[in-house]
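Below is protein-v2.tsv, holding TSV, C-alpha atoms and all ligand atoms.
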chain	number	residue	atom	x	y	z
A	20	MET	CA	-48.13	8.53	-3.30
A	21	ILE	CA	-47.33	6.45	-0.23
A	22	ALA	CA	-43.69	5.42	0.04
A	23	HIS	CA	-43.33	2.63	2.54
A	24	LEU	CA	-40.01	3.19	4.36
A	25	CYS	CA	-37.93	0.56	6.13
A	26	CYS	CA	-34.78	2.43	7.27
A	27	SER	CA	-32.90	5.66	6.60
A	28	VAL	CA	-30.16	4.14	4.43
A	29	ASP	CA	-32.67	2.59	2.02
A	30	ALA	CA	-35.15	5.47	2.28
A	31	GLY	CA	-32.78	8.44	1.79
A	32	TYR	CA	-31.50	7.95	-1.74
A	33	PHE	CA	-34.74	6.23	-2.77
A	34	LEU	CA	-36.87	9.26	-1.80
A	35	LYS	CA	-34.42	11.63	-3.44
A	36	LYS	CA	-34.75	9.76	-6.74
A	37	LEU	CA	-38.52	9.37	-6.35
A	38	LYS	CA	-38.89	13.13	-5.95
A	39	GLU	CA	-36.84	13.68	-9.09
A	40	GLU	CA	-38.88	11.18	-11.11
A	41	TYR	CA	-42.27	12.32	-9.78
A	42	PRO	CA	-41.84	16.08	-9.21
A	43	ASN	CA	-45.59	16.74	-9.11
A	44	GLU	CA	-46.47	13.96	-6.73
A	45	LYS	CA	-47.10	14.57	-3.03
A	46	ILE	CA	-45.08	11.80	-1.40
A	47	ILE	CA	-45.85	10.63	2.14
A	48	GLY	CA	-43.14	8.58	3.84
A	49	PHE	CA	-44.82	5.78	5.80
A	50	PHE	CA	-42.41	4.08	8.19
A	51	TYR	CA	-43.84	0.66	8.89
A	52	ASP	CA	-41.49	-1.88	10.49
A	53	PRO	CA	-43.35	-4.09	13.01
A	54	ASN	CA	-40.83	-6.83	12.20
A	55	ILE	CA	-38.00	-4.97	13.96
A	56	HIS	CA	-36.63	-6.43	17.15
A	57	PRO	CA	-36.15	-4.98	19.73
A	58	TYR	CA	-38.50	-2.00	20.13
A	59	SER	CA	-35.60	0.40	20.83
A	60	GLU	CA	-34.15	-0.52	17.41
A	61	PHE	CA	-37.56	0.25	15.85
A	62	LYS	CA	-37.49	3.69	17.51
A	63	LEU	CA	-33.89	4.27	16.39
A	64	ARG	CA	-34.61	3.41	12.75
A	65	SER	CA	-37.74	5.53	12.85
A	66	LEU	CA	-35.84	8.50	14.33
A	67	ASP	CA	-33.23	8.45	11.59
A	68	THR	CA	-35.74	7.87	8.77
A	69	LYS	CA	-37.81	10.80	10.00
A	70	ARG	CA	-34.67	12.95	10.03
A	71	ILE	CA	-33.95	12.12	6.39
A	72	CYS	CA	-37.58	12.82	5.38
A	73	GLU	CA	-37.34	16.21	7.04
A	74	LYS	CA	-34.13	16.94	5.15
A	75	LEU	CA	-35.92	16.10	1.89
A	76	GLY	CA	-39.12	17.97	2.80
A	77	ILE	CA	-41.25	14.81	2.81
A	78	GLU	CA	-44.14	14.30	5.22
A	79	TYR	CA	-43.37	11.46	7.64
A	80	VAL	CA	-45.77	9.07	9.36
A	81	GLU	CA	-44.68	6.38	11.81
A	82	GLY	CA	-46.90	3.28	11.56
A	83	ASP	CA	-47.90	1.10	14.51
A	84	TYR	CA	-45.46	-1.34	16.05
A	85	ASN	CA	-47.87	-4.29	15.96
A	86	TYR	CA	-45.15	-6.80	16.69
A	87	GLU	CA	-47.36	-9.59	18.05
A	88	GLU	CA	-49.43	-9.60	14.87
A	89	TRP	CA	-46.23	-9.83	12.83
A	90	LEU	CA	-44.99	-12.75	14.95
A	91	ARG	CA	-48.29	-14.55	14.31
A	92	ALA	CA	-47.99	-13.91	10.57
A	93	VAL	CA	-44.55	-15.58	10.31
A	94	LYS	CA	-45.31	-18.45	12.70
A	95	GLY	CA	-43.85	-21.70	11.35
A	96	LEU	CA	-41.33	-19.83	9.16
A	97	GLU	CA	-38.87	-18.95	11.91
A	98	SER	CA	-35.99	-21.00	10.43
A	99	GLU	CA	-36.39	-19.83	6.86
A	100	PRO	CA	-33.26	-18.20	5.34
A	101	GLU	CA	-33.19	-14.55	4.28
A	102	LYS	CA	-35.01	-14.02	0.95
A	103	GLY	CA	-37.07	-17.15	1.79
A	104	ALA	CA	-40.75	-17.66	2.66
A	105	ARG	CA	-40.59	-15.69	5.95
A	106	CYS	CA	-39.32	-12.62	4.10
A	107	SER	CA	-42.15	-12.91	1.54
A	108	VAL	CA	-44.71	-12.90	4.36
A	109	CYS	CA	-42.84	-10.00	5.99
A	110	PHE	CA	-43.02	-7.93	2.76
A	111	ASP	CA	-46.72	-8.84	2.33
A	112	PHE	CA	-47.36	-7.67	5.86
A	113	SER	CA	-45.71	-4.27	5.37
A	114	LEU	CA	-46.94	-3.58	1.88
A	115	GLU	CA	-50.53	-4.55	2.67
A	116	GLU	CA	-50.48	-2.07	5.54
A	117	ALA	CA	-49.01	0.58	3.23
A	118	ALA	CA	-51.82	-0.16	0.72
A	119	ARG	CA	-54.46	0.15	3.49
A	120	PHE	CA	-52.86	3.41	4.58
A	121	ALA	CA	-52.93	4.66	0.97
A	122	LYS	CA	-56.67	3.85	0.71
A	123	GLU	CA	-57.31	5.65	3.98
A	124	LYS	CA	-55.50	8.72	2.64
A	125	GLY	CA	-57.31	8.52	-0.72
A	126	ASP	CA	-54.04	7.75	-2.58
A	127	ASN	CA	-53.72	5.20	-5.34
A	128	LYS	CA	-49.97	4.63	-5.61
A	129	VAL	CA	-47.64	2.73	-3.30
A	130	THR	CA	-43.96	1.98	-3.42
A	131	THR	CA	-41.31	0.83	-0.96
A	132	SER	CA	-37.72	1.62	-0.04
A	133	LEU	CA	-37.20	-2.15	0.31
A	134	LEU	CA	-36.62	-1.97	-3.46
A	135	MET	CA	-33.26	-0.31	-2.67
A	136	SER	CA	-31.88	-3.10	-0.54
A	137	PRO	CA	-29.48	-5.52	-2.26
A	138	MET	CA	-30.61	-8.09	0.31
A	139	LYS	CA	-34.21	-8.00	-0.92
A	140	SER	CA	-35.52	-9.75	-4.00
A	141	HIS	CA	-37.09	-7.45	-6.60
A	142	GLU	CA	-39.08	-10.40	-7.98
A	143	GLN	CA	-40.62	-11.10	-4.55
A	144	LEU	CA	-41.53	-7.43	-4.13
A	145	GLU	CA	-43.02	-7.17	-7.60
A	146	ALA	CA	-45.14	-10.28	-7.02
A	147	ILE	CA	-46.51	-8.73	-3.80
A	148	GLY	CA	-47.18	-5.52	-5.73
A	149	LYS	CA	-49.52	-7.45	-8.06
A	150	VAL	CA	-51.39	-8.90	-5.08
A	151	ILE	CA	-51.99	-5.52	-3.46
A	152	LYS	CA	-53.16	-4.10	-6.80
A	153	ARG	CA	-55.79	-6.86	-6.97
A	154	LYS	CA	-56.77	-6.63	-3.30
A	155	TYR	CA	-56.73	-2.87	-2.69
A	156	GLY	CA	-56.81	-1.37	-6.18
A	157	VAL	CA	-53.60	0.64	-5.60
A	158	ASP	CA	-50.75	0.65	-8.12
A	159	PHE	CA	-47.40	-0.64	-6.92
A	160	LEU	CA	-44.44	1.24	-8.40
A	161	ALA	CA	-41.55	-1.23	-8.67
A	162	VAL	CA	-38.96	1.47	-9.39
A	163	ASP	CA	-35.37	0.28	-9.65
A	164	TYR	CA	-32.91	2.92	-8.47
A	165	ARG	CA	-30.20	0.37	-7.81
A	166	LYS	CA	-29.20	0.31	-11.47
A	167	LYS	CA	-26.56	2.50	-13.13
A	168	GLY	CA	-24.46	3.02	-10.01
A	169	GLY	CA	-27.51	3.65	-7.81
A	170	THR	CA	-26.31	1.38	-5.02
A	171	GLN	CA	-22.98	3.23	-4.85
A	172	ALA	CA	-24.70	6.62	-4.93
A	173	GLN	CA	-27.01	5.42	-2.15
A	174	GLN	CA	-24.01	4.50	0.03
A	175	GLU	CA	-22.34	7.84	-0.67
A	176	TYR	CA	-25.51	9.72	0.26
A	177	ALA	CA	-25.82	7.70	3.49
A	178	LYS	CA	-22.20	8.51	4.35
A	179	LYS	CA	-22.55	12.20	3.52
A	180	THR	CA	-25.64	12.60	5.68
A	181	GLN	CA	-24.12	10.43	8.46
A	182	MET	CA	-27.09	8.07	8.65
A	183	TYR	CA	-27.53	5.37	11.24
A	184	ARG	CA	-26.42	2.06	9.70
A	185	GLN	CA	-27.92	-1.05	11.21
A	186	ASP	CA	-26.04	-4.31	10.79
A	187	TYR	CA	-28.97	-6.70	10.51
A	188	CYS	CA	-32.20	-6.82	8.51
A	189	GLY	CA	-34.48	-6.42	11.48
A	190	CYS	CA	-36.32	-9.42	12.84
A	191	LEU	CA	-35.61	-11.71	15.75
A	192	TYR	CA	-35.13	-14.73	13.48
A	193	GLY	CA	-32.89	-13.01	10.96
A	194	ILE	CA	-30.51	-11.87	13.75
A	195	TRP	CA	-29.58	-15.45	14.60
A	196	GLN	CA	-28.49	-16.07	11.04
A	197	GLN	CA	-26.93	-12.68	10.35
A	198	LYS	CA	-24.94	-12.41	13.59
A	199	GLU	CA	-24.12	-16.03	14.31
A	200	ASN	CA	-20.36	-15.33	14.53
A	201	GLN	CA	-20.70	-12.49	17.01
A	202	GLU	CA	-19.61	-13.10	20.59
A	203	ILE	CA	-22.70	-11.36	21.94
A	204	ILE	CA	-25.91	-10.65	20.05
A	205	ASP	CA	-26.83	-7.54	21.96
A	206	GLU	CA	-30.29	-7.29	20.42
A	207	LEU	CA	-31.14	-10.52	22.25
A	208	VAL	CA	-29.89	-9.38	25.65
A	209	SER	CA	-32.39	-7.66	27.94
A	210	PRO	CA	-30.73	-5.19	30.26
A	211	TYR	CA	-32.27	-4.23	33.59
A	212	PRO	CA	-35.07	-1.74	32.99
A	213	PHE	CA	-33.74	1.76	32.28
A	214	GLN	CA	-30.09	0.64	32.36
A	215	ILE	CA	-28.19	1.77	29.28
A	216	LEU	CA	-25.17	-0.43	28.59
A	217	PRO	CA	-22.28	0.61	26.36
A	218	SER	CA	-22.86	-0.03	22.66
A	219	SER	CA	-26.39	-1.32	23.32
A	220	ILE	CA	-29.33	-0.32	21.11
A	221	GLU	CA	-30.54	1.92	23.93
A	222	GLU	CA	-27.20	3.74	23.96
A	223	LYS	CA	-27.30	4.11	20.18
A	224	LEU	CA	-30.81	5.55	20.41
A	225	ARG	CA	-29.64	8.09	23.00
A	226	PHE	CA	-26.61	8.88	20.82
A	227	TYR	CA	-28.73	9.61	17.71
A	228	GLU	CA	-31.19	11.66	19.76
A	229	ASN	CA	-28.22	13.77	20.92
A	230	ARG	CA	-27.08	14.13	17.33
A	231	LEU	CA	-30.51	15.49	16.37
A	232	GLU	CA	-30.27	18.03	19.14
A	233	LEU	CA	-26.88	19.16	17.82
A	234	GLU	CA	-28.32	19.55	14.33
A	235	GLU	CA	-31.25	21.56	15.69
A	236	ARG	CA	-28.76	23.86	17.43
A	237	GLY	CA	-26.73	24.17	14.22
A	238	VAL	CA	-23.58	22.58	15.71
A	239	ASN	CA	-21.17	20.99	13.20
A	240	TYR	CA	-20.10	17.48	14.07
A	241	LYS	CA	-18.58	14.30	12.73
A	242	ILE	CA	-19.42	10.75	13.81
A	243	VAL	CA	-16.37	8.55	14.33
A	244	LYS	CA	-15.93	5.11	15.84
A	245	GLU	CA	-13.79	4.10	18.78
A	246	ASN	CA	-12.77	0.67	20.03
A	247	PHE	CA	-13.19	-0.40	23.62
A	248	LEU	CA	-13.51	-3.48	25.79
A	249	ASN	CA	-17.16	-4.29	26.30
A	250	TYR	CA	-18.80	-6.54	28.88
A	251	ARG	CA	-22.05	-8.41	29.32
A	252	LEU	CA	-23.10	-10.28	32.41
A	253	LEU	CA	-25.04	-13.39	31.37
A	254	ASN	CA	-25.56	-15.03	34.72
A	255	SER	CA	-24.49	-14.53	38.30
A	256	LYS	CA	-25.18	-16.88	41.18
A	257	ILE	CA	-24.06	-16.61	44.80
A	258	THR	CA	-24.94	-19.17	47.42
A	259	SER	CA	-24.12	-19.56	51.08
A	260	LYS	CA	-24.67	-22.96	52.71
A	261	LYS	CA	-26.43	-23.92	49.45
A	262	LYS	CA	-28.97	-21.10	49.83
A	263	PRO	CA	-29.16	-18.32	47.21
A	264	VAL	CA	-27.93	-14.93	48.36
A	265	ASN	CA	-29.47	-11.71	47.05
A	266	HIS	CA	-26.71	-9.78	45.36
A	267	TYR	CA	-25.86	-7.39	42.56
A	268	THR	CA	-22.80	-7.99	40.39
A	269	LEU	CA	-21.01	-4.92	39.16
A	270	PHE	CA	-20.08	-4.29	35.50
A	271	TYR	CA	-16.67	-5.78	34.49
A	272	SER	CA	-16.82	-8.42	37.25
A	273	TYR	CA	-15.07	-11.45	35.85
A	274	ILE	CA	-14.24	-14.87	37.18
A	275	ASP	CA	-13.13	-17.74	34.96
A	276	ARG	CA	-14.71	-20.60	36.94
A	277	PRO	CA	-16.94	-21.14	39.97
A	278	GLN	CA	-15.12	-20.42	43.22
A	279	ARG	CA	-15.70	-20.94	46.92
A	280	VAL	CA	-14.51	-17.72	48.53
A	281	ARG	CA	-13.86	-17.01	52.20
A	282	ILE	CA	-13.91	-13.47	53.54
A	283	GLU	CA	-10.41	-12.72	54.84
A	284	THR	CA	-10.36	-9.03	55.54
A	285	GLU	CA	-13.13	-6.55	56.20
A	286	LYS	CA	-12.89	-2.83	56.57
A	287	ASP	CA	-15.29	0.02	56.21
A	288	ASN	CA	-18.14	-2.14	54.75
A	289	ILE	CA	-15.84	-3.69	52.14
A	290	ALA	CA	-14.74	-7.33	52.45
A	291	TYR	CA	-11.95	-9.04	50.52
A	292	GLY	CA	-12.13	-12.73	49.60
A	293	ASN	CA	-9.24	-15.17	49.83
A	294	ARG	CA	-9.27	-15.98	46.10
A	295	ALA	CA	-10.18	-14.73	42.61
A	296	GLN	CA	-9.79	-11.14	43.90
A	297	VAL	CA	-13.46	-11.13	44.91
A	298	ILE	CA	-14.62	-7.99	46.70
A	299	PHE	CA	-17.90	-7.81	48.61
A	300	VAL	CA	-19.41	-4.42	49.26
A	301	LYS	CA	-22.27	-3.66	51.59
A	302	LEU	CA	-25.27	-1.82	50.27
A	303	ASP	CA	-24.69	0.95	52.84
A	304	LYS	CA	-21.28	1.61	51.34
A	305	ILE	CA	-22.81	2.05	47.86
A	306	ASN	CA	-25.38	4.43	49.29
A	307	ALA	CA	-22.58	6.41	50.95
A	308	LEU	CA	-20.35	6.45	47.87
A	309	LEU	CA	-23.05	7.59	45.46
A	310	ASN	CA	-25.45	9.34	47.78
A	311	LYS	CA	-28.18	6.79	47.05
A	312	LYS	CA	-31.02	5.41	49.12
A	313	TYR	CA	-31.19	1.74	48.19
A	314	GLN	CA	-33.11	-0.19	50.88
A	315	ASN	CA	-32.33	-3.68	49.61
A	316	ILE	CA	-30.83	-5.57	46.67
A	317	LYS	CA	-34.19	-5.82	44.88
A	318	ASP	CA	-34.11	-2.04	44.49
A	319	PHE	CA	-31.10	-2.42	42.19
A	320	PHE	CA	-33.13	-4.37	39.68
A	321	THR	CA	-36.02	-1.95	39.52
A	322	ASN	CA	-33.86	1.16	39.73
A	323	PRO	CA	-30.41	0.07	38.58
A	324	LEU	CA	-27.23	2.06	38.82
A	325	LYS	CA	-26.13	3.84	35.69
A	326	PHE	CA	-23.25	2.15	33.90
A	327	GLU	CA	-21.12	5.24	34.60
A	328	GLU	CA	-21.96	4.98	38.32
A	329	GLU	CA	-20.83	1.35	38.35
A	330	LEU	CA	-17.49	2.47	36.93
A	331	ILE	CA	-17.18	5.15	39.61
A	332	ILE	CA	-17.73	2.55	42.34
A	333	ARG	CA	-15.18	0.22	40.74
A	334	GLU	CA	-12.58	2.93	40.55
A	335	LYS	CA	-13.20	4.13	44.10
A	336	ILE	CA	-12.94	0.62	45.51
A	337	THR	CA	-10.05	-0.78	43.46
A	338	ASN	CA	-8.19	2.46	42.72
A	339	THR	CA	-8.01	1.56	39.04
A	340	LYS	CA	-10.28	1.92	36.01
A	341	TYR	CA	-8.99	-1.34	34.55
A	342	SER	CA	-9.88	-3.75	37.33
A	343	LEU	CA	-11.83	-6.87	36.42
A	344	SER	CA	-12.13	-8.06	40.01
A	345	PRO	CA	-15.58	-9.39	40.80
A	346	ILE	CA	-17.34	-6.75	42.91
A	347	ILE	CA	-20.46	-8.08	44.55
A	348	ILE	CA	-22.94	-5.94	46.42
A	349	LEU	CA	-24.65	-7.61	49.40
A	350	GLU	CA	-27.14	-6.31	51.92
A	351	GLU	CA	-25.06	-7.71	54.83
A	352	PHE	CA	-22.05	-9.97	55.22
A	353	GLU	CA	-24.09	-12.75	56.78
A	354	ASP	CA	-21.57	-15.50	56.27
A	355	ILE	CA	-17.86	-15.77	55.71
A	356	ARG	CA	-18.02	-18.34	52.90
A	357	TYR	CA	-19.75	-17.88	49.55
A	358	ASP	CA	-19.97	-20.00	46.40
A	359	ILE	CA	-19.70	-17.74	43.40
A	360	GLU	CA	-20.51	-18.36	39.74
A	361	ILE	CA	-20.29	-15.52	37.25
A	362	ASP	CA	-20.88	-16.11	33.56
A	363	ALA	CA	-19.74	-12.96	31.78
A	364	LYS	CA	-18.24	-12.04	28.43
A	365	ILE	CA	-15.50	-9.46	27.94
A	366	TYR	CA	-14.95	-8.67	24.27
A	367	PRO	CA	-13.52	-6.02	21.92
A	368	ASP	CA	-16.29	-3.82	20.58
A	369	ASN	CA	-16.72	-0.38	19.05
A	370	LYS	CA	-19.09	2.49	19.41
A	371	GLU	CA	-19.81	5.78	17.73
A	372	ILE	CA	-18.76	9.06	19.24
A	373	LEU	CA	-19.48	12.64	18.23
A	374	ILE	CA	-16.70	15.07	17.48
A	375	LYS	CA	-18.04	18.60	17.66
A	376	PHE	CA	-16.48	21.46	15.69
A	401	LIG	S1	-34.97	-11.23	7.59
A	401	LIG	FE1	-35.71	-9.16	7.17
A	401	LIG	S2	-37.17	-9.31	5.46
A	401	LIG	FE2	-36.82	-11.37	6.29
A	401	LIG	S3	-38.47	-11.68	7.77
A	401	LIG	FE3	-36.74	-10.87	8.91
A	401	LIG	S4	-37.02	-8.65	8.91
A	401	LIG	FE4	-38.38	-9.48	7.34
In structure tokens, how does this file's structure come out?
Ligand code: SF4
Amino acid sequence: MIAHLCCSVDAGYFLKKLKEEYPNEKIIGFFYDPNIHPYSEFKLRSLDTKRICEKLGIEYVEGDYNYEEWLRAVKGLESEPEKGARCSVCFDFSLEEAARFAKEKGDNKVTTSLLMSPMKSHEQLEAIGKVIKRKYGVDFLAVDYRKKGGTQAQQEYAKKTQMYRQDYCGCLYGIWQQKENQEIIDELVSPYPFQILPSSIEEKLRFYENRLELEERGVNYKIVKENFLNYRLLNSKITSKKKPVNHYTLFYSYIDRPQRVRIETEKDNIAYGNRAQVIFVKLDKINALLNKKYQNIKDFFTNPLKFEEELIIREKITNTKYSLSPIIILEEFEDIRYDIEIDAKIYPDNKEILIKF
């Protein structure tokens, strides 16, 4: 039997029950989620679903991330609400692929962990099941493990096994609706390549990879959450005599409105502006502080500093971890006057941390 899997929380309890109900069946877990945005979230959900399959002794296969094909399939349905026409096409897309995969494997039964989600319509899924039976000749098992306290048991199992819990269904269009009240929709922010920002999907992926390593080493742990002040830079513009200036704006740099800043004091490759506590730092100083070899500002965008390194620079320059002063890296101090616009959000957030025992 092919069990299409969408995420660990829906897959875990579902597979447990499926194994109990079909003890003689060889079940293959087929993770197929090309609807997930961004790709790092796809990898994160896959990682945790694989982990749960391994715990249950179920073979795991990760399907292709054919995202562009999925986008084409839902074209014109972008504004549909959840459980609407876009979701029907999305289910069709996944279940048809699961049916094709079943045929390829010589199996004749398909089911899906989407049946566990209270956000998904059983009727929609059953209707798609009938279509794939006609088209591919495979039976669709519309099992309902949500009944008789199943949803509660599912949540308890997810908590006990410390699964990764996503807070949105998965696609680019659903995020807008599901996170409309959030200050920042991180899934829609592209960081510089290879830069891992706090509480970003990339950081979560790294976190859950570390957790796997701990489990492999047999270390006991508990996942807890901690609150902190997060930051996202949305836009940063510096001009001098109306010409753009190449620059890099450091994490936690904040300014509430555009400012014209004049350099007042300069010492040791650091210059202090006359307002908004702006600090300019020469590239050479960054290289000296962190033992780096940046040649120009462009290098920062292809090989950015680590978030932790940005904090080190901030602390070394301002003597405090809590400074929000704008710190702007320049190749040279070519002028003494700069027009500065920084659009950034500072907001309370939380992240998971591991407590090892
Ligand atoms: S909201 Fe969820 S089910 Fe609906 S289209 Fe997006 S990913 Fe698919």
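One finds CA of Glu221 (chain A) at 16.8 Å from CA of Met182 (chain A).
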Need the shell around Pro212 (chain A): protein/DNA/RNA residues with any atom at most 9 Å away, counting only C-alpha atoms. Skip same-chain ones fewer than 6 positions apart. Format as a VMD selection string?
chain A and resid 320 to 323
Give me the residues within 7 Å of region 250-262 of chain A as a ChimeraX atom specification, counting only C-alpha atoms and dropping any in the same chain fewer than 4 places off.
/A:271,356-366
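Here CA of Ile347 (chain A) is placed at a distance of 6.1 Å from CA of Val300 (chain A).
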Might you pull out every residue within 7 Å of Gly48 (chain A), with all atoms listed in the file counted and same-chain residues fewer than 3 positions away left off, and present them as a list in words?
Ile21, Ala22, His23, Leu24, Ile77, Glu78, Tyr79 and Val80 of chain A
Hey, which residues come within 12 Å of ligand LIG 401 (chain A) if we count only C-alpha atoms and all ligand atoms? Could you give them as a ChimeraX atom specification?
/A:25-26,51-57,61,86,89-90,92-114,133-134,136-140,143-144,185-198
Which residues are near Val238 (chain A)? Cut-off 12 Å, all atoms listed in the file, ignore same chain within fewer than 2 positions. Put them as a ChimeraX atom specification.
/A:229-236,240-241,373-376
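With only C-alpha atoms as the basis for measurement, A:Met20 is the residue among A:Ile71, A:Ala146, A:Ala30, A:Met20 that approaches Ala117 (chain A) most closely.
One distance worth recording is that between CA of Ser27 (chain A) and CA of Thr68 (chain A), which is 4.2 Å.
The closest residue to Ile274 (chain A), picked from A:Gln314, A:Asn127, A:Asn338, A:Ser344 and counting all atoms listed in the file, is A:Ser344.
Close to (-47.1, 3.2, -6.5), meaning no more than 10 Å away when counting all atoms listed in the file, sit the residues Met20, Ile21, Ala22, His23, Ala118, Ala121, Asp126, Asn127, Lys128, Val129, Thr130, Thr131, Gly148, Lys152, Val157, Asp158, Phe159, Leu160, Ala161 and Val162 of chain A.
Nearest residue to Glu116 (chain A), choosing from A:Thr337, A:Phe50, A:His141, A:Cys72 and counting all atoms listed in the file: A:Phe50.
Closest to Ile289 (chain A) among A:Phe326, A:Ile220, A:Leu308, A:Asn369 is A:Leu308, based on only C-alpha atoms.
Among the candidate residues A:Glu206, A:Glu222, A:Glu175, A:Glu350, the one lying nearest to Lys304 (chain A) is A:Glu350, with distances computed using only C-alpha atoms.
Minimum atom-to-atom distances from A:Arg119, A:Lys154, A:Lys35, A:Lys286 to Ser132 (chain A) were compared using all atoms listed in the file, and the lowest value belongs to A:Lys35.
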Any chance you could model N, CA, C and O atoms for region 72-87 of chain A and send them as a JSON list (two decimals), in the frame of the given file?
[["chain", "number", "residue", "atom", "x", "y", "z"],
["A", 72, "CYS", "N", -36.37, 12.27, 6.03],
["A", 72, "CYS", "CA", -37.58, 12.82, 5.38],
["A", 72, "CYS", "C", -37.63, 14.33, 5.57],
["A", 72, "CYS", "O", -37.95, 15.08, 4.63],
["A", 73, "GLU", "N", -37.31, 14.77, 6.78],
["A", 73, "GLU", "CA", -37.34, 16.21, 7.04],
["A", 73, "GLU", "C", -36.33, 16.94, 6.17],
["A", 73, "GLU", "O", -36.60, 18.01, 5.64],
["A", 74, "LYS", "N", -35.15, 16.33, 6.01],
["A", 74, "LYS", "CA", -34.13, 16.94, 5.15],
["A", 74, "LYS", "C", -34.64, 17.08, 3.72],
["A", 74, "LYS", "O", -34.30, 18.03, 3.02],
["A", 75, "LEU", "N", -35.44, 16.11, 3.28],
["A", 75, "LEU", "CA", -35.92, 16.10, 1.89],
["A", 75, "LEU", "C", -37.28, 16.78, 1.74],
["A", 75, "LEU", "O", -37.84, 16.82, 0.65],
["A", 76, "GLY", "N", -37.82, 17.28, 2.84],
["A", 76, "GLY", "CA", -39.12, 17.97, 2.80],
["A", 76, "GLY", "C", -40.28, 17.03, 2.51],
["A", 76, "GLY", "O", -41.23, 17.38, 1.81],
["A", 77, "ILE", "N", -40.19, 15.81, 3.04],
["A", 77, "ILE", "CA", -41.25, 14.81, 2.81],
["A", 77, "ILE", "C", -42.00, 14.55, 4.11],
["A", 77, "ILE", "O", -41.37, 14.36, 5.17],
["A", 78, "GLU", "N", -43.34, 14.56, 4.02],
["A", 78, "GLU", "CA", -44.14, 14.30, 5.22],
["A", 78, "GLU", "C", -43.83, 12.88, 5.73],
["A", 78, "GLU", "O", -43.70, 11.95, 4.94],
["A", 79, "TYR", "N", -43.76, 12.76, 7.04],
["A", 79, "TYR", "CA", -43.37, 11.46, 7.64],
["A", 79, "TYR", "C", -44.47, 10.96, 8.57],
["A", 79, "TYR", "O", -44.98, 11.72, 9.40],
["A", 80, "VAL", "N", -44.80, 9.69, 8.44],
["A", 80, "VAL", "CA", -45.77, 9.07, 9.36],
["A", 80, "VAL", "C", -45.16, 7.78, 9.90],
["A", 80, "VAL", "O", -44.68, 6.95, 9.12],
["A", 81, "GLU", "N", -45.17, 7.64, 11.22],
["A", 81, "GLU", "CA", -44.68, 6.38, 11.81],
["A", 81, "GLU", "C", -45.87, 5.45, 12.01],
["A", 81, "GLU", "O", -46.82, 5.78, 12.71],
["A", 82, "GLY", "N", -45.83, 4.27, 11.40],
["A", 82, "GLY", "CA", -46.90, 3.28, 11.56],
["A", 82, "GLY", "C", -46.82, 2.59, 12.91],
["A", 82, "GLY", "O", -45.85, 2.76, 13.66],
["A", 83, "ASP", "N", -47.85, 1.80, 13.21],
["A", 83, "ASP", "CA", -47.90, 1.10, 14.51],
["A", 83, "ASP", "C", -46.83, 0.02, 14.59],
["A", 83, "ASP", "O", -46.48, -0.60, 13.59],
["A", 84, "TYR", "N", -46.41, -0.25, 15.81],
["A", 84, "TYR", "CA", -45.46, -1.34, 16.05],
["A", 84, "TYR", "C", -46.28, -2.56, 16.48],
["A", 84, "TYR", "O", -46.26, -2.95, 17.64],
["A", 85, "ASN", "N", -47.04, -3.14, 15.55],
["A", 85, "ASN", "CA", -47.87, -4.29, 15.96],
["A", 85, "ASN", "C", -47.08, -5.59, 15.81],
["A", 85, "ASN", "O", -47.32, -6.40, 14.91],
["A", 86, "TYR", "N", -46.14, -5.72, 16.70],
["A", 86, "TYR", "CA", -45.15, -6.80, 16.69],
["A", 86, "TYR", "C", -45.78, -8.18, 16.86],
["A", 86, "TYR", "O", -45.41, -9.14, 16.18],
["A", 87, "GLU", "N", -46.76, -8.27, 17.79],
["A", 87, "GLU", "CA", -47.36, -9.59, 18.05],
["A", 87, "GLU", "C", -48.08, -10.12, 16.80],
["A", 87, "GLU", "O", -48.01, -11.30, 16.49]]
